[in-house]
>>> print(open('upload.cif').read())   # mmCIF, C-alpha atoms
data_model
#
loop_
_atom_site.label_atom_id
_atom_site.label_comp_id
_atom_site.auth_asym_id
_atom_site.auth_seq_id
_atom_site.Cartn_x
_atom_site.Cartn_y
_atom_site.Cartn_z
CA MET N 1 89.87 79.38 137.12
CA THR N 2 90.77 80.30 140.70
CA HIS N 3 87.79 78.30 141.97
CA HIS N 4 89.54 75.10 140.95
CA ASP N 5 91.03 72.81 143.48
CA PRO N 6 94.77 73.45 143.37
CA ASP N 7 95.35 69.71 143.41
CA LEU N 8 93.00 69.15 140.47
CA HIS N 9 94.70 68.59 137.15
CA LEU N 10 94.16 70.91 134.21
CA ASP N 11 91.16 69.97 132.09
CA ASP N 12 91.21 69.87 128.27
CA ASP N 13 90.33 73.52 127.81
CA GLU N 14 92.94 74.62 130.29
CA LEU N 15 95.51 72.48 128.55
CA LEU N 16 94.67 74.23 125.28
CA ARG N 17 95.02 77.61 126.97
CA ALA N 18 98.30 76.53 128.52
CA MET N 19 99.53 75.50 125.10
CA ILE N 20 98.60 78.86 123.57
CA ASP N 21 99.88 80.97 126.45
CA PRO N 22 100.23 79.74 130.06
CA SER N 23 99.97 83.28 131.37
CA ASP N 24 96.32 83.30 130.28
CA LEU N 25 95.55 80.77 133.01
CA GLY N 26 94.59 82.03 136.43
CA ALA N 27 97.29 82.38 139.04
CA ALA N 28 96.24 79.21 140.87
CA ARG N 29 96.21 77.14 137.71
CA GLN N 30 99.56 78.53 136.67
CA ALA N 31 100.90 77.55 140.07
CA HIS N 32 99.45 74.09 139.64
CA LEU N 33 100.99 73.75 136.17
CA HIS N 34 104.26 74.89 137.60
CA SER N 35 104.19 72.26 140.29
CA CYS N 36 102.35 69.36 138.60
CA ARG N 37 104.55 67.11 136.54
CA HIS N 38 101.51 65.35 135.02
CA CYS N 39 99.96 68.57 133.69
CA ARG N 40 103.29 69.79 132.34
CA ARG N 41 103.70 66.56 130.44
CA GLN N 42 100.14 66.78 129.15
CA THR N 43 100.78 70.29 127.90
CA GLU N 44 104.07 69.23 126.35
CA ALA N 45 102.45 66.29 124.63
CA LEU N 46 99.70 68.47 123.20
CA THR N 47 102.21 71.03 121.98
CA ALA N 48 104.30 68.27 120.41
CA SER N 49 101.29 66.79 118.63
CA TYR N 50 100.47 70.07 116.89
CA ARG N 51 104.13 70.59 116.14
CA ARG N 52 104.15 67.14 114.55
CA LEU N 53 101.07 68.03 112.52
CA GLY N 54 102.87 71.10 111.17
CA GLN N 55 105.91 68.98 110.43
CA MET N 56 103.75 66.51 108.51
CA ALA N 57 102.23 69.35 106.51
CA ARG N 58 105.70 70.57 105.56
CA GLU N 59 106.70 67.08 104.46
CA MET N 60 103.52 66.66 102.44
CA ALA N 61 103.85 69.98 100.65
CA PRO N 62 105.80 70.14 97.40
CA GLU N 63 108.91 72.22 96.98
CA PRO N 64 108.86 75.29 94.78
CA ARG N 65 110.13 74.45 91.30
CA GLN N 66 111.70 77.78 90.50
CA ALA N 67 113.41 80.45 92.49
CA PHE N 68 112.14 83.98 92.35
CA ARG N 69 114.42 86.47 90.69
CA VAL N 70 113.93 90.21 90.64
CA PRO N 71 113.04 91.35 87.12
CA ALA N 72 115.73 93.56 85.62
CA ASP N 73 113.36 96.44 84.88
CA LYS N 74 112.13 96.47 88.47
CA ALA N 75 115.58 97.03 89.89
CA PRO N 76 115.52 99.83 92.47
CA GLY N 77 119.24 100.53 91.97
CA ARG N 78 118.43 103.31 89.51
CA PRO N 79 119.31 106.75 90.84
CA ARG N 80 116.39 108.42 92.51
CA TYR N 81 116.70 111.66 90.57
CA LEU N 82 116.19 109.83 87.29
CA LYS N 83 112.49 109.33 87.68
CA PRO N 84 111.52 113.00 88.19
CA ALA N 85 113.96 113.97 85.44
CA MET N 86 112.28 111.58 83.05
CA ALA N 87 108.87 112.90 84.03
CA LEU N 88 110.07 116.48 83.42
CA GLY N 89 111.47 115.48 80.03
CA VAL N 90 108.22 113.87 78.95
CA MET N 91 106.26 116.89 80.14
CA GLY N 92 108.57 119.25 78.22
CA ALA N 93 108.18 117.18 75.08
CA LEU N 94 104.40 117.32 75.43
CA VAL N 95 104.41 121.12 75.88
CA PHE N 96 106.68 121.49 72.86
CA ALA N 97 104.44 119.29 70.76
CA ALA N 98 101.38 121.27 71.83
CA THR N 99 103.11 124.57 70.93
CA LEU N 100 104.00 123.30 67.50
CA TRP N 101 100.58 121.91 66.91
CA ARG N 102 98.55 125.10 67.62
CA PRO N 103 99.81 127.26 64.69
CA PHE N 104 99.04 124.46 62.30
CA THR N 105 95.53 124.23 63.56
CA ARG N 106 95.11 128.02 63.25
CA ILE N 107 96.34 128.41 59.66
CA SER N 108 94.57 125.37 58.40
CA PRO N 109 92.89 127.05 55.34
CA THR N 110 89.16 127.32 54.99
CA PRO N 111 88.26 128.00 51.31
CA THR N 112 86.80 131.46 50.71
CA THR N 113 84.07 130.07 48.49
CA MET N 114 82.97 127.80 51.26
CA VAL N 115 82.79 130.74 53.64
CA ALA N 116 80.75 132.84 51.19
CA GLU N 117 78.41 129.95 50.52
CA LYS N 118 78.02 129.44 54.21
CA PHE N 119 77.01 133.09 54.69
CA GLU N 120 74.55 132.89 51.80
CA ASN N 121 72.99 129.84 53.25
CA ASP N 122 72.74 131.60 56.56
CA ASP N 123 70.95 134.60 54.99
CA GLN N 124 68.54 132.36 53.14
CA LEU N 125 67.81 130.45 56.27
CA MET N 126 67.16 133.65 58.21
CA GLU N 127 64.73 134.84 55.52
CA GLU N 128 62.82 131.62 55.73
CA ILE N 129 62.68 131.90 59.49
CA ASP N 130 61.44 135.51 59.27
CA ALA N 131 58.71 134.47 56.83
CA LEU N 132 57.57 131.73 59.12
CA VAL N 133 57.52 134.13 62.02
CA GLU N 134 55.31 136.48 60.00
CA ASP N 135 52.89 133.79 58.90
CA ALA N 136 53.49 130.17 59.58
CA LEU N 137 50.51 128.95 57.46
CA PRO N 138 51.01 127.73 53.91
CA GLU N 139 49.61 129.94 51.16
CA LYS N 140 46.46 127.88 50.40
CA TYR N 141 45.28 128.06 54.01
CA ARG N 142 45.92 131.73 54.49
CA GLN N 143 42.70 132.78 52.71
CA LEU N 144 40.62 130.53 54.86
CA ALA N 145 42.26 131.58 58.04
CA ALA N 146 42.30 135.27 57.25
CA LEU N 147 40.48 137.55 59.66
CA PRO N 148 37.15 139.03 58.54
CA GLY N 149 38.62 142.48 58.19
CA GLU N 150 41.26 141.24 55.82
CA ARG N 151 38.85 140.03 53.08
CA SER N 152 35.94 141.72 51.29
CA VAL N 153 32.39 141.39 52.57
CA GLU N 154 31.32 139.88 49.26
CA ASP N 155 33.93 137.22 49.46
CA LEU N 156 32.84 136.36 52.93
CA ASP N 157 29.13 136.20 52.00
CA ALA N 158 29.91 134.10 48.98
CA PHE N 159 31.93 131.76 51.07
CA ILE N 160 29.12 131.41 53.65
CA ASP N 161 26.53 130.86 50.95
CA TRP N 162 28.69 128.27 49.36
CA VAL N 163 28.99 126.41 52.61
CA VAL N 164 25.37 126.92 53.67
CA PRO N 165 23.18 127.55 50.57
CA SER N 166 19.93 129.47 51.13
CA PRO N 167 16.70 127.43 50.80
CA GLU N 168 15.26 129.82 48.21
CA ASP N 169 18.09 129.15 45.86
CA THR N 170 17.52 125.45 46.28
CA VAL N 171 13.80 125.83 45.44
CA ASP N 172 14.65 127.88 42.38
CA TRP N 173 16.90 125.20 41.12
CA GLU N 174 14.37 122.53 41.69
CA GLN N 175 11.76 124.54 39.80
CA SER N 176 14.02 125.57 37.00
CA GLY N 177 15.26 122.00 36.75
CA THR N 178 18.79 122.97 36.15
CA PRO N 179 20.81 120.89 38.54
CA GLU N 180 23.29 120.03 35.78
CA ARG N 181 24.75 123.48 36.08
CA GLU N 182 25.40 122.94 39.73
CA SER N 183 26.95 119.62 39.14
CA ARG N 184 29.23 121.13 36.54
CA GLN N 185 30.32 124.25 38.44
CA GLY N 186 29.70 123.40 42.02
CA PRO N 187 27.62 125.12 44.66
CA LEU N 188 29.47 128.41 44.17
CA ALA N 189 28.21 128.62 40.60
CA ARG N 190 24.65 128.75 41.83
CA TYR N 191 25.43 131.76 43.93
CA ILE N 192 27.25 133.48 41.11
CA SER N 193 24.46 132.88 38.62
CA THR N 194 21.78 134.09 41.04
CA ASP N 195 23.81 137.09 41.93
CA ASN N 196 24.35 137.91 38.31
CA ALA N 197 20.68 137.58 37.56
CA GLU N 198 19.83 140.01 40.33
CA ARG N 199 22.31 142.41 38.92
CA GLY N 200 20.88 141.95 35.44
CA ILE N 201 23.88 140.21 34.07
CA VAL N 202 23.31 137.16 31.93
CA MET T 203 122.82 87.82 115.56
CA ALA T 204 121.59 89.95 118.34
CA GLN T 205 117.97 89.61 117.28
CA LYS T 206 116.63 86.38 118.67
CA GLY T 207 113.23 85.04 117.75
CA GLU T 208 110.54 85.07 120.34
CA GLN T 209 110.94 82.24 122.78
CA ALA T 210 108.06 82.20 125.15
CA HIS T 211 108.41 79.33 127.49
CA VAL T 212 107.22 78.19 130.85
CA GLU T 213 109.99 77.51 133.22
CA THR T 214 109.15 74.59 135.37
CA ASP T 215 111.21 72.53 137.77
CA LYS T 216 112.66 70.22 135.22
CA ILE T 217 110.93 70.75 131.93
CA SER T 218 110.79 73.87 129.88
CA ILE T 219 107.70 73.93 127.67
CA MET T 220 108.74 75.56 124.45
CA LEU T 221 105.74 77.37 123.16
CA VAL T 222 107.43 79.13 120.33
CA LYS T 223 109.92 77.05 118.54
CA ARG T 224 111.11 79.13 115.67
CA THR T 225 114.11 81.34 116.28
CA GLU T 226 116.27 83.41 114.01
CA ALA T 227 119.03 80.82 114.52
CA GLU T 228 116.99 78.36 112.48
CA ILE T 229 117.13 80.62 109.49
CA PRO T 230 119.67 79.32 106.97
CA SER T 231 121.21 82.67 106.12
CA GLU T 232 122.62 82.86 109.61
CA ALA T 233 124.62 79.74 108.94
CA ALA T 234 125.96 81.46 105.85
CA GLY T 235 127.13 84.36 107.96
CA PHE T 236 124.32 86.80 107.25
CA SER T 237 121.59 87.75 109.62
CA THR T 238 118.11 88.45 108.39
CA PHE T 239 118.39 91.87 110.00
CA ASP T 240 121.49 92.73 107.95
CA LEU T 241 120.01 91.38 104.75
CA VAL T 242 116.83 93.38 105.19
CA GLU T 243 118.87 96.49 105.91
CA LYS T 244 120.90 95.98 102.75
CA ALA T 245 117.85 95.17 100.67
CA ARG T 246 116.19 98.36 101.88
CA ASN T 247 119.17 100.25 100.52
CA GLY T 248 118.70 98.69 97.09
CA ASP T 249 121.04 95.70 97.39
CA ARG T 250 119.57 93.14 95.02
CA THR T 251 121.91 90.38 96.16
CA ALA T 252 120.75 90.82 99.72
CA PHE T 253 117.15 90.62 98.61
CA HIS T 254 117.87 87.45 96.65
CA ARG T 255 119.33 85.94 99.80
CA LEU T 256 116.14 86.84 101.64
CA VAL T 257 114.16 85.22 98.86
CA ASP T 258 116.24 82.05 99.11
CA GLN T 259 115.53 82.06 102.81
CA PHE T 260 111.81 82.80 102.82
CA GLN T 261 110.54 81.59 99.46
CA PRO T 262 110.09 77.93 100.48
CA GLU T 263 107.99 78.78 103.53
CA ILE T 264 105.91 81.38 101.69
CA TYR T 265 105.38 78.85 98.92
CA ARG T 266 104.24 76.23 101.44
CA MET T 267 102.02 78.79 103.10
CA MET T 268 100.36 79.44 99.75
CA PHE T 269 100.06 75.73 99.02
CA TYR T 270 98.34 75.07 102.36
CA ARG T 271 95.70 77.60 101.39
CA THR T 272 95.26 77.00 97.67
CA HIS T 273 96.10 73.27 97.37
CA SER T 274 97.39 74.13 93.93
CA ARG T 275 101.06 74.05 93.06
CA MET T 276 100.72 76.47 90.17
CA ASP T 277 98.65 78.98 92.09
CA ALA T 278 101.03 78.73 95.03
CA GLU T 279 103.97 79.46 92.76
CA ASP T 280 102.27 82.42 91.13
CA LEU T 281 101.21 83.86 94.47
CA THR T 282 104.68 83.37 95.93
CA GLN T 283 106.23 85.21 93.01
CA ASP T 284 103.73 87.98 93.50
CA VAL T 285 104.49 88.23 97.21
CA MET T 286 108.22 88.41 96.56
CA LEU T 287 107.81 91.01 93.87
CA ARG T 288 105.63 93.15 96.10
CA ALA T 289 108.09 92.76 98.94
CA TYR T 290 110.91 93.84 96.68
CA LYS T 291 109.02 96.88 95.42
CA HIS T 292 107.97 98.05 98.86
CA ILE T 293 110.81 96.98 101.08
CA ARG T 294 111.88 100.59 101.56
CA ARG T 295 108.60 101.19 103.37
CA LEU T 296 109.51 98.61 105.99
CA LYS T 297 110.51 100.67 109.01
CA SER T 298 111.91 97.95 111.20
CA PRO T 299 113.93 95.01 109.81
CA GLU T 300 113.00 92.91 112.87
CA VAL T 301 109.45 92.51 111.64
CA PHE T 302 110.39 91.48 108.11
CA ARG T 303 108.91 87.99 108.48
CA SER T 304 105.59 89.28 109.84
CA TRP T 305 105.52 91.92 107.11
CA LEU T 306 106.13 89.27 104.45
CA TYR T 307 103.33 87.13 105.87
CA ARG T 308 101.02 90.08 105.92
CA ILE T 309 101.61 90.58 102.21
CA ALA T 310 101.07 86.85 101.70
CA VAL T 311 97.82 86.76 103.69
CA ASN T 312 96.50 89.71 101.70
CA ARG T 313 97.45 88.02 98.45
CA VAL T 314 95.54 84.90 99.48
CA LYS T 315 92.50 87.03 100.27
CA ASP T 316 92.76 88.68 96.87
CA TYR T 317 93.16 85.28 95.24
CA TYR T 318 89.90 84.03 96.73
CA ARG T 319 88.12 87.31 96.09
CA ARG T 320 89.02 87.10 92.42
CA LYS T 321 88.13 83.44 92.30
CA GLN T 322 84.77 84.17 93.86
CA PHE T 323 84.16 86.96 91.36
CA LYS T 324 85.09 84.68 88.45
CA SER T 325 82.89 81.91 89.79
CA LEU T 326 79.93 84.30 89.60
CA PHE T 327 80.33 84.27 85.83
CA GLY T 328 81.14 80.57 85.68
CA PHE T 329 84.80 81.01 84.71
CA VAL T 330 86.07 78.86 87.57
CA SER T 331 84.52 76.60 90.15
CA MET T 332 84.53 77.94 93.67
CA ASP T 333 85.97 75.38 96.05
CA GLN T 334 87.62 77.60 98.62
CA GLU T 335 86.76 75.43 101.54
CA GLY T 336 87.14 72.17 99.77
CA PHE T 337 90.08 70.17 98.70
CA HIS T 338 91.06 69.31 95.19
CA GLU T 339 93.65 66.75 94.43
CA THR T 340 96.59 67.64 92.22
CA ASP T 341 98.31 65.15 89.94
CA GLU T 342 101.34 65.30 92.11
CA MET T 343 99.35 64.34 95.18
CA ALA T 344 97.59 61.52 93.40
CA LEU T 345 100.90 60.01 92.38
CA ALA T 346 102.65 60.71 95.66
CA PRO T 347 103.93 57.71 97.57
CA GLU T 348 102.64 56.94 101.03
CA VAL T 349 104.56 58.47 103.85
CA ASP T 350 104.45 58.50 107.60
CA GLY T 351 103.00 55.14 108.42
CA GLY T 352 100.98 54.55 105.32
CA MET T 353 99.15 57.86 104.97
CA SER T 354 99.46 59.32 101.51
CA LYS T 355 99.73 62.99 100.74
CA LYS T 356 96.35 62.78 99.12
CA ASP T 357 94.70 61.37 102.25
CA PHE T 358 96.53 63.77 104.52
CA TRP T 359 95.42 66.90 102.66
CA LYS T 360 91.95 65.53 102.21
CA GLN T 361 91.60 65.03 105.95
CA ILE T 362 93.14 68.38 106.77
CA GLY T 363 90.86 70.02 104.26
CA ARG T 364 87.78 68.45 105.81
CA MET T 365 88.83 69.38 109.32
CA LEU T 366 89.54 72.95 108.38
CA THR T 367 86.06 73.34 106.90
CA ARG T 368 84.72 73.19 110.45
CA LEU T 369 86.59 76.36 111.31
CA SER T 370 85.60 79.90 110.44
CA ALA T 371 87.82 81.82 108.03
CA VAL T 372 89.70 83.67 110.74
CA GLU T 373 90.03 80.56 112.93
CA LYS T 374 91.43 78.65 109.99
CA GLU T 375 93.89 81.42 109.25
CA VAL T 376 95.23 81.63 112.81
CA PHE T 377 95.40 77.84 113.05
CA LEU T 378 97.41 77.56 109.84
CA LEU T 379 99.68 80.45 110.72
CA ARG T 380 100.38 79.06 114.15
CA PHE T 381 100.86 75.36 113.53
CA PHE T 382 101.57 75.00 109.83
CA ASP T 383 103.53 78.21 109.22
CA GLN T 384 105.02 78.24 112.71
CA LEU T 385 104.44 81.92 113.42
CA THR T 386 104.50 83.20 116.96
CA ILE T 387 101.50 84.91 118.50
CA LYS T 388 103.29 88.22 118.13
CA GLU T 389 104.09 87.59 114.47
CA MET T 390 100.52 86.52 113.81
CA SER T 391 99.28 89.67 115.49
CA ALA T 392 101.42 91.78 113.16
CA ALA T 393 100.57 89.74 110.07
CA LEU T 394 96.82 89.81 110.64
CA HIS T 395 96.65 93.30 112.09
CA LYS T 396 94.84 92.08 115.20
CA SER T 397 95.65 92.30 118.87
CA GLU T 398 97.41 89.38 120.52
CA SER T 399 94.44 88.66 122.76
CA THR T 400 92.16 88.47 119.73
CA ILE T 401 94.57 86.08 118.06
CA LYS T 402 94.67 83.90 121.16
CA THR T 403 90.88 83.82 121.38
CA HIS T 404 90.54 82.75 117.76
CA LEU T 405 93.29 80.21 118.19
CA TYR T 406 91.67 78.75 121.28
CA ARG T 407 88.34 78.38 119.48
CA ALA T 408 90.08 76.86 116.48
CA LEU T 409 91.90 74.35 118.67
CA ARG T 410 88.71 73.30 120.43
CA LYS T 411 86.93 72.70 117.14
CA PHE T 412 89.93 71.01 115.59
CA LYS T 413 90.40 68.74 118.56
CA ALA T 414 86.72 67.84 118.52
CA VAL T 415 86.86 66.62 114.93
CA ALA T 416 90.42 65.32 114.86
CA GLY T 417 89.37 62.04 116.46
CA GLN T 418 87.21 61.23 113.45
CA PHE T 419 90.13 61.12 111.11
CA HIS T 420 92.49 58.25 110.81
CA GLY T 421 96.15 59.16 110.92
CA LEU T 422 95.63 62.45 112.74
CA ARG T 423 93.80 60.89 115.66
CA GLU T 424 96.85 59.51 117.41
CA GLY T 425 98.65 62.81 117.70
CA LEU T 426 95.71 64.97 118.68
#
>>> encode(input="upload.cif", output="structure tokens")
Amino acid sequence: MTHHDPDLHLDDDELLRAMIDPSDLGAARQAHLHSCRHCRRQTEALTASYRRLGQMAREMAPEPRQAFRVPADKAPGRPRYLKPAMALGVMGALVFAATLWRPFTRISPTPTTMVAEKFENDDQLMEEIDALVEDALPEKYRQLAALPGERSVEDLDAFIDWVVPSPEDTVDWEQSGTPERESRQGPLARYISTDNAERGIV
Amino acid sequence: MAQKGEQAHVETDKISIMLVKRTEAEIPSEAAGFSTFDLVEKARNGDRTAFHRLVDQFQPEIYRMMFYRTHSRMDAEDLTQDVMLRAYKHIRRLKSPEVFRSWLYRIAVNRVKDYYRRKQFKSLFGFVSMDQEGFHETDEMALAPEVDGGMSKKDFWKQIGRMLTRLSAVEKEVFLLRFFDQLTIKEMSAALHKSESTIKTHLYRALRKFKAVAGQFHGLREGL
């Protein structure tokens, strides 16, 4: 603001600055304000107008209906040592309660029969688990899934013939005209009857 | 009372421009023989009577401060009670009794922020309408008689509300604190936790904007 003509009056912005804090103006403008009656009055008038606005606001605002009173339980007049003492007391009570509670939880009786039954159930369960570990397949599938070495050669041949019958056997049946037998006893019966005939068994 | 309020003024040849009007002498407790300093000292030592005297002294202005910002009598009362209760609970933390007023206003400003934060949060779920910047008329205002040359309370607050919407949040706060709550720059600095130069900058911007729009409003135009 030093570039201003010292005789030039303060503009609107400078008046606002002067109202907020005159020391924020440059030295020359402060000197002008100091010496210029017009600018001083302008600044005063501006200050008074905002003061009046604040006054109006106060007049337009309602008055509080009730006075604040400190709640009795919030009173800080209580001795300072009381608070830690109370905390210690509560803590002691809690420790005491916990001490009393533990024995009760320990001697709470578990019926002997229930314990024995529990062990039995455990043994049974372990046996079942062991059996499953040994062979997880159900009984009816074990034969099918058994390794060749674990069943007899005859059983294996019979099984294969039952699944894939030999053409000769089929021809024999057609010639002998005895398909009823097959229908009654299944494809395995054919094998058995043929086998028996070879062995001379009727 | 040795503690005088801040009186920054420009000494001129004949006229002294009073920039900060409020002094401790204006405070009613002084007339009753108690200084604010003494009352704060006593209250810090657990004297409830002293604190009640401070409440009697500061409650009206804190209440008005809340009303200027909430435009609701009930909310202003609740917030004022809250400010006083917080002040009572934490007055031992106040290190210097001289800054009691700034400290009280700092609590109040923070409570207003919390108030709007909660209101904003509630408005998200549709519990309340969010009209922070706006103005809503209370029954009391609607029924209020006209004052000051025909302008009613309703019109006054409506115009002030509209003018303040042109200001940013911080500009509005410094404007209200300075001219409505009559805090000094130093007190505002302490209350808002900002440097004095920052406060002055915001205040200057607020004044420029306010002055620019003040002419549009009847009743406020003459003064500004």
>>> interface_residues(input="upload.cif", of="chain N", to="chain T", cutoff="7 Å", atoms="all atoms listed in the file", output="number ranges by chain")
N: 16-17, 19-20, 34, 44, 46, 49-51, 54, 57, 60-61, 63-64, 68-70, 76-77
>>> residues_near_point(input="upload.cif", point="(98.0, 68.9, 131.1)", cutoff="12 Å", atoms="only C-alpha atoms", output="PyMOL selection string")
(chain N and resi 8-19+22+29-30+32-47) or (chain T and resi 219)
>>> atom_distance(input="upload.cif", atom1="atom CA of Lys411 of chain T", atom2="atom CA of Met365 of chain T")
8.7 Å
>>> atom_distance(input="upload.cif", atom1="atom CA of Gly26 of chain N", atom2="atom CA of Ala392 of chain T")
26.1 Å
>>> atom_distance(input="upload.cif", atom1="atom CA of Val311 of chain T", atom2="atom CA of Ser370 of chain T")
15.6 Å
>>> resolve_selection(input="upload.cif", expression="the PyMOL selection byres ((chain T and resi 372) around 10)", output="number ranges by chain")
T: 369-371, 373-378, 394, 401, 404-405, 408
